[in-house]
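S.K.: First the structure, which I've put down as C-alpha cells, then a few questions once you've had a look.
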Amino acid sequence: MSARLPSWVWVTGLTAGAVAAVVVLGVRADEGPRPEPTAARPSASVSASASPRPSASVPAPPAAPADSGTGRRIVYSLDQRRVWLVDASDAVRTSFTVWPGTVAPDPGRYTVGTRTETTTGSDGVPVEHVVYFADQGGISIGFSNALDGSSPPPAQGRRTGGIRVAKEAGDALWAFATAGTAVRVVS
C-alpha cells in the first residue's frame with residue numbers, strides 16, 4: 001500500500017510552483033518595452049468615421065526659451081505664463097500654460113525644496129501636488145493644481161505665490177519635480 005503525502009507537502013509544492021511562475025513572468029515583463037508617461041500631452045482625437053487612415057500625430061510641445069539653461073529642469077516663463085518640463089538630454093517632455101499668483105519669483109535659478117501632496121492654498125482653494133521652489137518677501141512660491149481641476153479666479157487683494165496648473169499638468173509636474181530639481185525662471 002502506498003503512503004499518502006500530508007496536505008502541507010501539497011500546499012508547499014503548489015505555493016513554490018506559483019512563486020516560480022510569478023518570478024518568471026516578472027522577469028519577462030521587466031525585459032519588455034517601457035511606456036513613456038503621457039499624462040500632460042494632448043492625445044490625438046478619434047474620428048467617428050470608419051476611415052482606415054491613421055489619425056494625426058500628437059504635436060510636439062513648444063521649444064523651451066533659449067535662455068533657460070541646460071540639463072534636466074523646470075522652466076517657468078513669466079511673460080508667456082508657461083512651464084516646460086525638460087529632461088537631461090534637453091528634450092522638452094511637455095509644456096503647459098499656468099495661472100500665476102499675485103507674487104512672482106524674480107527671474108533666476110532655483111531648486112525644488114519641499115513638496116506637499118494636498119493642502120489649502122493661501123486663497124482658500126484646496127490644492128494638490130504643491131511643488132515649492134522660491135520665497136518672495138515671506139510668500140512661498142510653488143506650482144499646484146486645484147483639487148476640483150478648476151482654474152483659479154483672480155485673487156482679489158491677496159498676496160498669493162501659487163502658480164496654478166491644470167489637473168493633468170499637475171500630475172506630470174508632481175512626477176517630474178522631485179526635491180532638488182532645477183527650476184529656471186525667465187522673463
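Naming scheme: A, B, ... for chains in displayed order of the C-alpha cells; residues 1 onward per chain; ligands 1 onward as shown.
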Could you pull the residues within 12 Å of Gln156 of chain A, counting only C-alpha atoms, minus those fewer than 2 positions along the same chain, as a count of residues only?
M.R.: 10
S.K.: Need the shell around Asp87 of chain A: protein/DNA/RNA residues with any atom at most 10 Å away, counting only C-alpha atoms. Skip same-chain ones fewer than 6 positions apart. Format as a PyMOL selection string?
M.R.: chain A and resi 70-74+93-94+176
S.K.: Determine which residues of segment 73-116 of chain A receive a DSSP assignment of strand (DSSP E), computed from the backbone, and state them as a list of chain:residue names.
M.R.: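 The strand (DSSP E) subset of segment 73-116 of chain A is A:Arg73, A:Ile74, A:Val75, A:Tyr76, A:Ser77, A:Arg82, A:Val83, A:Trp84, A:Leu85, A:Val86, A:Val92, A:Arg93, A:Thr94, A:Ser95, A:Phe96, A:Thr97, A:Gly108, A:Arg109, A:Tyr110, A:Thr111, A:Arg115, A:Thr116.
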S.K.: Could you write out that same residue set with N, CA, C and O atoms as a PDB file, in the first residue's frame?
M.R.:
```pdb
ATOM      1  N   ARG A  73      15.360  70.077 -16.003  1.00  0.00           N
ATOM      2  CA  ARG A  73      14.908  71.277 -15.305  1.00  0.00           C
ATOM      3  C   ARG A  73      13.441  71.564 -15.594  1.00  0.00           C
ATOM      4  O   ARG A  73      12.873  71.043 -16.538  1.00  0.00           O
ATOM      5  N   ILE A  74      12.898  72.422 -14.759  1.00  0.00           N
ATOM      6  CA  ILE A  74      11.582  73.007 -14.979  1.00  0.00           C
ATOM      7  C   ILE A  74      11.842  74.438 -15.405  1.00  0.00           C
ATOM      8  O   ILE A  74      12.616  75.147 -14.757  1.00  0.00           O
ATOM      9  N   VAL A  75      11.221  74.865 -16.485  1.00  0.00           N
ATOM     10  CA  VAL A  75      11.376  76.236 -16.962  1.00  0.00           C
ATOM     11  C   VAL A  75      10.025  76.933 -16.813  1.00  0.00           C
ATOM     12  O   VAL A  75       9.002  76.415 -17.250  1.00  0.00           O
ATOM     13  N   TYR A  76      10.047  78.102 -16.182  1.00  0.00           N
ATOM     14  CA  TYR A  76       8.827  78.889 -15.992  1.00  0.00           C
ATOM     15  C   TYR A  76       9.043  80.262 -16.605  1.00  0.00           C
ATOM     16  O   TYR A  76       9.918  81.007 -16.187  1.00  0.00           O
ATOM     17  N   SER A  77       8.246  80.593 -17.622  1.00  0.00           N
ATOM     18  CA  SER A  77       8.317  81.899 -18.265  1.00  0.00           C
ATOM     19  C   SER A  77       7.241  82.802 -17.682  1.00  0.00           C
ATOM     20  O   SER A  77       6.049  82.506 -17.795  1.00  0.00           O
ATOM     21  N   ARG A  82       3.889  80.114 -18.947  1.00  0.00           N
ATOM     22  CA  ARG A  82       4.044  78.748 -19.447  1.00  0.00           C
ATOM     23  C   ARG A  82       5.169  78.055 -18.700  1.00  0.00           C
ATOM     24  O   ARG A  82       6.138  78.687 -18.277  1.00  0.00           O
ATOM     25  N   VAL A  83       5.021  76.734 -18.565  1.00  0.00           N
ATOM     26  CA  VAL A  83       6.035  75.885 -17.939  1.00  0.00           C
ATOM     27  C   VAL A  83       6.445  74.802 -18.925  1.00  0.00           C
ATOM     28  O   VAL A  83       5.611  74.286 -19.674  1.00  0.00           O
ATOM     29  N   TRP A  84       7.732  74.459 -18.921  1.00  0.00           N
ATOM     30  CA  TRP A  84       8.266  73.356 -19.698  1.00  0.00           C
ATOM     31  C   TRP A  84       8.929  72.381 -18.735  1.00  0.00           C
ATOM     32  O   TRP A  84       9.629  72.807 -17.809  1.00  0.00           O
ATOM     33  N   LEU A  85       8.751  71.090 -18.959  1.00  0.00           N
ATOM     34  CA  LEU A  85       9.494  70.068 -18.238  1.00  0.00           C
ATOM     35  C   LEU A  85      10.512  69.528 -19.225  1.00  0.00           C
ATOM     36  O   LEU A  85      10.159  68.956 -20.260  1.00  0.00           O
ATOM     37  N   VAL A  86      11.798  69.738 -18.912  1.00  0.00           N
ATOM     38  CA  VAL A  86      12.878  69.418 -19.832  1.00  0.00           C
ATOM     39  C   VAL A  86      13.725  68.304 -19.227  1.00  0.00           C
ATOM     40  O   VAL A  86      14.153  68.398 -18.070  1.00  0.00           O
ATOM     41  N   VAL A  92      12.223  68.659 -24.523  1.00  0.00           N
ATOM     42  CA  VAL A  92      11.022  69.083 -23.804  1.00  0.00           C
ATOM     43  C   VAL A  92      10.079  67.888 -23.732  1.00  0.00           C
ATOM     44  O   VAL A  92       9.666  67.349 -24.748  1.00  0.00           O
ATOM     45  N   ARG A  93       9.750  67.472 -22.515  1.00  0.00           N
ATOM     46  CA  ARG A  93       8.830  66.352 -22.318  1.00  0.00           C
ATOM     47  C   ARG A  93       7.380  66.800 -22.435  1.00  0.00           C
ATOM     48  O   ARG A  93       6.559  66.096 -22.993  1.00  0.00           O
ATOM     49  N   THR A  94       7.069  67.954 -21.888  1.00  0.00           N
ATOM     50  CA  THR A  94       5.735  68.522 -22.005  1.00  0.00           C
ATOM     51  C   THR A  94       5.814  70.008 -21.676  1.00  0.00           C
ATOM     52  O   THR A  94       6.806  70.478 -21.106  1.00  0.00           O
ATOM     53  N   SER A  95       4.780  70.724 -22.041  1.00  0.00           N
ATOM     54  CA  SER A  95       4.696  72.148 -21.759  1.00  0.00           C
ATOM     55  C   SER A  95       3.230  72.497 -21.582  1.00  0.00           C
ATOM     56  O   SER A  95       2.365  71.882 -22.213  1.00  0.00           O
ATOM     57  N   PHE A  96       2.952  73.455 -20.704  1.00  0.00           N
ATOM     58  CA  PHE A  96       1.564  73.821 -20.430  1.00  0.00           C
ATOM     59  C   PHE A  96       1.499  75.246 -19.918  1.00  0.00           C
ATOM     60  O   PHE A  96       2.470  75.784 -19.401  1.00  0.00           O
ATOM     61  N   THR A  97       0.328  75.857 -20.083  1.00  0.00           N
ATOM     62  CA  THR A  97       0.120  77.208 -19.579  1.00  0.00           C
ATOM     63  C   THR A  97      -0.220  77.149 -18.091  1.00  0.00           C
ATOM     64  O   THR A  97      -0.648  76.112 -17.580  1.00  0.00           O
ATOM     65  N   GLY A 108      15.620  83.839 -12.499  1.00  0.00           N
ATOM     66  CA  GLY A 108      16.839  83.264 -11.941  1.00  0.00           C
ATOM     67  C   GLY A 108      16.745  81.756 -11.796  1.00  0.00           C
ATOM     68  O   GLY A 108      15.832  81.117 -12.305  1.00  0.00           O
ATOM     69  N   ARG A 109      17.725  81.229 -11.048  1.00  0.00           N
ATOM     70  CA  ARG A 109      17.825  79.777 -10.844  1.00  0.00           C
ATOM     71  C   ARG A 109      17.367  79.422  -9.438  1.00  0.00           C
ATOM     72  O   ARG A 109      17.777  80.049  -8.469  1.00  0.00           O
ATOM     73  N   TYR A 110      16.556  78.376  -9.351  1.00  0.00           N
ATOM     74  CA  TYR A 110      16.038  77.883  -8.083  1.00  0.00           C
ATOM     75  C   TYR A 110      16.109  76.359  -8.098  1.00  0.00           C
ATOM     76  O   TYR A 110      16.414  75.764  -9.130  1.00  0.00           O
ATOM     77  N   THR A 111      15.785  75.752  -6.982  1.00  0.00           N
ATOM     78  CA  THR A 111      15.620  74.308  -6.926  1.00  0.00           C
ATOM     79  C   THR A 111      14.344  73.986  -6.154  1.00  0.00           C
ATOM     80  O   THR A 111      13.927  74.750  -5.281  1.00  0.00           O
ATOM     81  N   ARG A 115       7.769  69.541  -1.059  1.00  0.00           N
ATOM     82  CA  ARG A 115       6.570  69.196  -1.818  1.00  0.00           C
ATOM     83  C   ARG A 115       5.488  68.808  -0.820  1.00  0.00           C
ATOM     84  O   ARG A 115       5.777  68.210   0.201  1.00  0.00           O
ATOM     85  N   THR A 116       4.267  69.173  -1.126  1.00  0.00           N
ATOM     86  CA  THR A 116       3.143  68.839  -0.272  1.00  0.00           C
ATOM     87  C   THR A 116       2.071  68.212  -1.141  1.00  0.00           C
ATOM     88  O   THR A 116       1.654  68.808  -2.136  1.00  0.00           O
TER      89      THR A 116
END
```
S.K.: Which residues are close to Thr181 of chain A, i.e. within 7 Å by only C-alpha atoms, leaving aside same-chain residues fewer than 2 positions away? Reply as a list in words.
M.R.: Arg73, Thr111, Val112, Ala177, Thr178, Ala179 and Val183 of chain A
S.K.: Could you please take those selected residues and save N, CA and C atoms as a PDB file, in the first residue's frame?
M.R.:
```pdb
ATOM      1  N   ARG A  73      15.360  70.077 -16.003  1.00  0.00           N
ATOM      2  CA  ARG A  73      14.908  71.277 -15.305  1.00  0.00           C
ATOM      3  C   ARG A  73      13.441  71.564 -15.594  1.00  0.00           C
ATOM      4  N   THR A 111      15.785  75.752  -6.982  1.00  0.00           N
ATOM      5  CA  THR A 111      15.620  74.308  -6.926  1.00  0.00           C
ATOM      6  C   THR A 111      14.344  73.986  -6.154  1.00  0.00           C
ATOM      7  N   VAL A 112      13.750  72.844  -6.499  1.00  0.00           N
ATOM      8  CA  VAL A 112      12.576  72.387  -5.767  1.00  0.00           C
ATOM      9  C   VAL A 112      13.015  72.076  -4.350  1.00  0.00           C
ATOM     10  N   ALA A 177       9.009  66.726 -10.687  1.00  0.00           N
ATOM     11  CA  ALA A 177       9.662  67.692  -9.794  1.00  0.00           C
ATOM     12  C   ALA A 177       9.977  67.102  -8.424  1.00  0.00           C
ATOM     13  N   THR A 178      10.999  66.272  -8.373  1.00  0.00           N
ATOM     14  CA  THR A 178      11.438  65.759  -7.087  1.00  0.00           C
ATOM     15  C   THR A 178      12.277  66.816  -6.386  1.00  0.00           C
ATOM     16  N   ALA A 179      12.484  66.648  -5.080  1.00  0.00           N
ATOM     17  CA  ALA A 179      13.295  67.618  -4.324  1.00  0.00           C
ATOM     18  C   ALA A 179      14.675  67.734  -4.975  1.00  0.00           C
ATOM     19  N   VAL A 183      14.937  74.604 -11.199  1.00  0.00           N
ATOM     20  CA  VAL A 183      13.852  75.432 -11.724  1.00  0.00           C
ATOM     21  C   VAL A 183      14.493  76.688 -12.280  1.00  0.00           C
TER      22      VAL A 183
END
```
S.K.: Can you tell me, as a PDB file with N, CA, C and O atoms, in the first residue's frame, what residues are no more than 12 Å from Gly161 of chain A when counting only C-alpha atoms, ignoring any on the same chain fewer than 4 positions away?
M.R.:
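So the final result, stored in out07.pdb, reads:
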```
ATOM      1  N   TRP A  99      -1.568  79.693 -14.428  1.00  0.00           N
ATOM      2  CA  TRP A  99      -2.219  80.881 -13.907  1.00  0.00           C
ATOM      3  C   TRP A  99      -1.388  81.352 -12.719  1.00  0.00           C
ATOM      4  O   TRP A  99      -1.447  80.755 -11.644  1.00  0.00           O
ATOM      5  N   PRO A 100      -0.593  82.411 -12.891  1.00  0.00           N
ATOM      6  CA  PRO A 100       0.276  82.851 -11.794  1.00  0.00           C
ATOM      7  C   PRO A 100      -0.498  83.513 -10.661  1.00  0.00           C
ATOM      8  O   PRO A 100      -1.582  84.057 -10.864  1.00  0.00           O
ATOM      9  N   GLY A 101       0.103  83.441  -9.469  1.00  0.00           N
ATOM     10  CA  GLY A 101      -0.438  84.161  -8.317  1.00  0.00           C
ATOM     11  C   GLY A 101      -0.123  85.640  -8.446  1.00  0.00           C
ATOM     12  O   GLY A 101       0.360  86.109  -9.481  1.00  0.00           O
ATOM     13  N   THR A 102      -0.344  86.388  -7.387  1.00  0.00           N
ATOM     14  CA  THR A 102      -0.097  87.827  -7.431  1.00  0.00           C
ATOM     15  C   THR A 102       1.338  88.181  -7.074  1.00  0.00           C
ATOM     16  O   THR A 102       1.761  89.307  -7.292  1.00  0.00           O
ATOM     17  N   VAL A 103       2.091  87.245  -6.520  1.00  0.00           N
ATOM     18  CA  VAL A 103       3.500  87.454  -6.191  1.00  0.00           C
ATOM     19  C   VAL A 103       4.323  86.539  -7.088  1.00  0.00           C
ATOM     20  O   VAL A 103       4.139  85.324  -7.069  1.00  0.00           O
ATOM     21  N   ALA A 104       5.215  87.118  -7.881  1.00  0.00           N
ATOM     22  CA  ALA A 104       6.012  86.347  -8.835  1.00  0.00           C
ATOM     23  C   ALA A 104       7.453  86.220  -8.351  1.00  0.00           C
ATOM     24  O   ALA A 104       7.981  87.144  -7.730  1.00  0.00           O
ATOM     25  N   PRO A 105       8.103  85.111  -8.667  1.00  0.00           N
ATOM     26  CA  PRO A 105       9.524  84.991  -8.348  1.00  0.00           C
ATOM     27  C   PRO A 105      10.335  85.864  -9.303  1.00  0.00           C
ATOM     28  O   PRO A 105       9.892  86.152 -10.417  1.00  0.00           O
ATOM     29  N   ASP A 106      11.498  86.288  -8.861  1.00  0.00           N
ATOM     30  CA  ASP A 106      12.401  87.008  -9.751  1.00  0.00           C
ATOM     31  C   ASP A 106      12.988  86.016 -10.752  1.00  0.00           C
ATOM     32  O   ASP A 106      13.178  84.847 -10.425  1.00  0.00           O
ATOM     33  N   GLY A 121      -4.633  76.300  -0.391  1.00  0.00           N
ATOM     34  CA  GLY A 121      -3.830  77.421  -0.843  1.00  0.00           C
ATOM     35  C   GLY A 121      -4.121  78.673  -0.040  1.00  0.00           C
ATOM     36  O   GLY A 121      -5.128  78.769   0.663  1.00  0.00           O
ATOM     37  N   SER A 122      -3.256  79.659  -0.167  1.00  0.00           N
ATOM     38  CA  SER A 122      -3.436  80.909   0.570  1.00  0.00           C
ATOM     39  C   SER A 122      -4.699  81.657   0.137  1.00  0.00           C
ATOM     40  O   SER A 122      -5.164  82.544   0.825  1.00  0.00           O
ATOM     41  N   ASP A 123      -5.273  81.249  -0.993  1.00  0.00           N
ATOM     42  CA  ASP A 123      -6.534  81.849  -1.448  1.00  0.00           C
ATOM     43  C   ASP A 123      -7.749  81.050  -0.983  1.00  0.00           C
ATOM     44  O   ASP A 123      -8.877  81.346  -1.372  1.00  0.00           O
ATOM     45  N   VAL A 130       1.661  70.261  -4.625  1.00  0.00           N
ATOM     46  CA  VAL A 130       2.323  71.551  -4.427  1.00  0.00           C
ATOM     47  C   VAL A 130       3.831  71.336  -4.460  1.00  0.00           C
ATOM     48  O   VAL A 130       4.374  70.528  -3.700  1.00  0.00           O
ATOM     49  N   VAL A 131       4.500  72.051  -5.349  1.00  0.00           N
ATOM     50  CA  VAL A 131       5.948  71.957  -5.535  1.00  0.00           C
ATOM     51  C   VAL A 131       6.520  73.344  -5.265  1.00  0.00           C
ATOM     52  O   VAL A 131       6.421  74.237  -6.098  1.00  0.00           O
ATOM     53  N   TYR A 132       7.121  73.521  -4.078  1.00  0.00           N
ATOM     54  CA  TYR A 132       7.678  74.819  -3.687  1.00  0.00           C
ATOM     55  C   TYR A 132       9.103  74.960  -4.211  1.00  0.00           C
ATOM     56  O   TYR A 132       9.904  74.034  -4.142  1.00  0.00           O
ATOM     57  N   PHE A 133       9.427  76.175  -4.711  1.00  0.00           N
ATOM     58  CA  PHE A 133      10.785  76.391  -5.204  1.00  0.00           C
ATOM     59  C   PHE A 133      11.345  77.771  -4.856  1.00  0.00           C
ATOM     60  O   PHE A 133      12.539  78.014  -5.062  1.00  0.00           O
ATOM     61  N   ALA A 134      10.553  78.687  -4.345  1.00  0.00           N
ATOM     62  CA  ALA A 134      11.072  80.036  -4.063  1.00  0.00           C
ATOM     63  C   ALA A 134      10.287  80.678  -2.923  1.00  0.00           C
ATOM     64  O   ALA A 134       9.226  80.208  -2.527  1.00  0.00           O
ATOM     65  N   ASP A 135      10.856  81.762  -2.427  1.00  0.00           N
ATOM     66  CA  ASP A 135      10.203  82.579  -1.404  1.00  0.00           C
ATOM     67  C   ASP A 135      10.437  84.032  -1.802  1.00  0.00           C
ATOM     68  O   ASP A 135      11.569  84.415  -2.126  1.00  0.00           O
ATOM     69  N   GLN A 136       9.391  84.811  -1.816  1.00  0.00           N
ATOM     70  CA  GLN A 136       9.493  86.216  -2.209  1.00  0.00           C
ATOM     71  C   GLN A 136       8.834  87.056  -1.125  1.00  0.00           C
ATOM     72  O   GLN A 136       7.613  87.072  -1.000  1.00  0.00           O
ATOM     73  N   GLY A 137       9.623  87.720  -0.299  1.00  0.00           N
ATOM     74  CA  GLY A 137       9.078  88.580   0.743  1.00  0.00           C
ATOM     75  C   GLY A 137       8.195  87.838   1.738  1.00  0.00           C
ATOM     76  O   GLY A 137       7.164  88.356   2.146  1.00  0.00           O
ATOM     77  N   GLY A 138       8.575  86.619   2.080  1.00  0.00           N
ATOM     78  CA  GLY A 138       7.802  85.831   3.029  1.00  0.00           C
ATOM     79  C   GLY A 138       6.643  85.053   2.421  1.00  0.00           C
ATOM     80  O   GLY A 138       5.926  84.360   3.130  1.00  0.00           O
ATOM     81  N   ILE A 139       6.465  85.158   1.121  1.00  0.00           N
ATOM     82  CA  ILE A 139       5.417  84.415   0.423  1.00  0.00           C
ATOM     83  C   ILE A 139       6.067  83.221  -0.278  1.00  0.00           C
ATOM     84  O   ILE A 139       6.985  83.394  -1.085  1.00  0.00           O
ATOM     85  N   SER A 140       5.614  82.017   0.057  1.00  0.00           N
ATOM     86  CA  SER A 140       6.130  80.808  -0.606  1.00  0.00           C
ATOM     87  C   SER A 140       5.575  80.734  -2.020  1.00  0.00           C
ATOM     88  O   SER A 140       4.388  80.962  -2.238  1.00  0.00           O
ATOM     89  N   ILE A 141       6.441  80.389  -2.958  1.00  0.00           N
ATOM     90  CA  ILE A 141       6.049  80.305  -4.357  1.00  0.00           C
ATOM     91  C   ILE A 141       6.215  78.869  -4.820  1.00  0.00           C
ATOM     92  O   ILE A 141       7.253  78.241  -4.588  1.00  0.00           O
ATOM     93  N   GLY A 142       5.166  78.353  -5.459  1.00  0.00           N
ATOM     94  CA  GLY A 142       5.218  76.987  -5.954  1.00  0.00           C
ATOM     95  C   GLY A 142       4.089  76.706  -6.920  1.00  0.00           C
ATOM     96  O   GLY A 142       3.139  77.472  -7.050  1.00  0.00           O
ATOM     97  N   PHE A 143       4.228  75.584  -7.603  1.00  0.00           N
ATOM     98  CA  PHE A 143       3.220  75.132  -8.555  1.00  0.00           C
ATOM     99  C   PHE A 143       2.215  74.246  -7.817  1.00  0.00           C
ATOM    100  O   PHE A 143       2.574  73.530  -6.888  1.00  0.00           O
ATOM    101  N   SER A 144       0.955  74.275  -8.247  1.00  0.00           N
ATOM    102  CA  SER A 144      -0.070  73.393  -7.686  1.00  0.00           C
ATOM    103  C   SER A 144      -1.254  73.346  -8.633  1.00  0.00           C
ATOM    104  O   SER A 144      -1.352  74.152  -9.554  1.00  0.00           O
ATOM    105  N   ALA A 155      -7.134  86.595  -7.768  1.00  0.00           N
ATOM    106  CA  ALA A 155      -7.011  86.826  -6.322  1.00  0.00           C
ATOM    107  C   ALA A 155      -7.246  88.304  -6.053  1.00  0.00           C
ATOM    108  O   ALA A 155      -6.471  89.143  -6.485  1.00  0.00           O
TER     109      ALA A 155
END
```
S.K.: Between atom CA of His129 of chain A and atom CA of Ser187 of chain A, what is the spacing in Å?
M.R.: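 So the answer is 24.4 Å.
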S.K.: If you run DSSP on the backbone here, which positions in segment 100-187 of chain A get alpha helix (DSSP H)? Please write them as a list in words.
M.R.: Lys167, Glu168, Ala169, Gly170, Asp171, Ala172, Leu173, Trp174, Ala175 and Phe176 of chain A
S.K.: Between atom CA of Val98 of chain A and atom CA of Asp67 of chain A, what is the spacing in Å?
M.R.: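 If I compute the distance from atom CA of Asp67 of chain A to atom CA of Val98 of chain A, I get 19.5 Å.
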S.K.: So how far away is atom CA of Val165 of chain A from atom CA of Ser151 of chain A, in Å?
M.R.: 7.5 Å
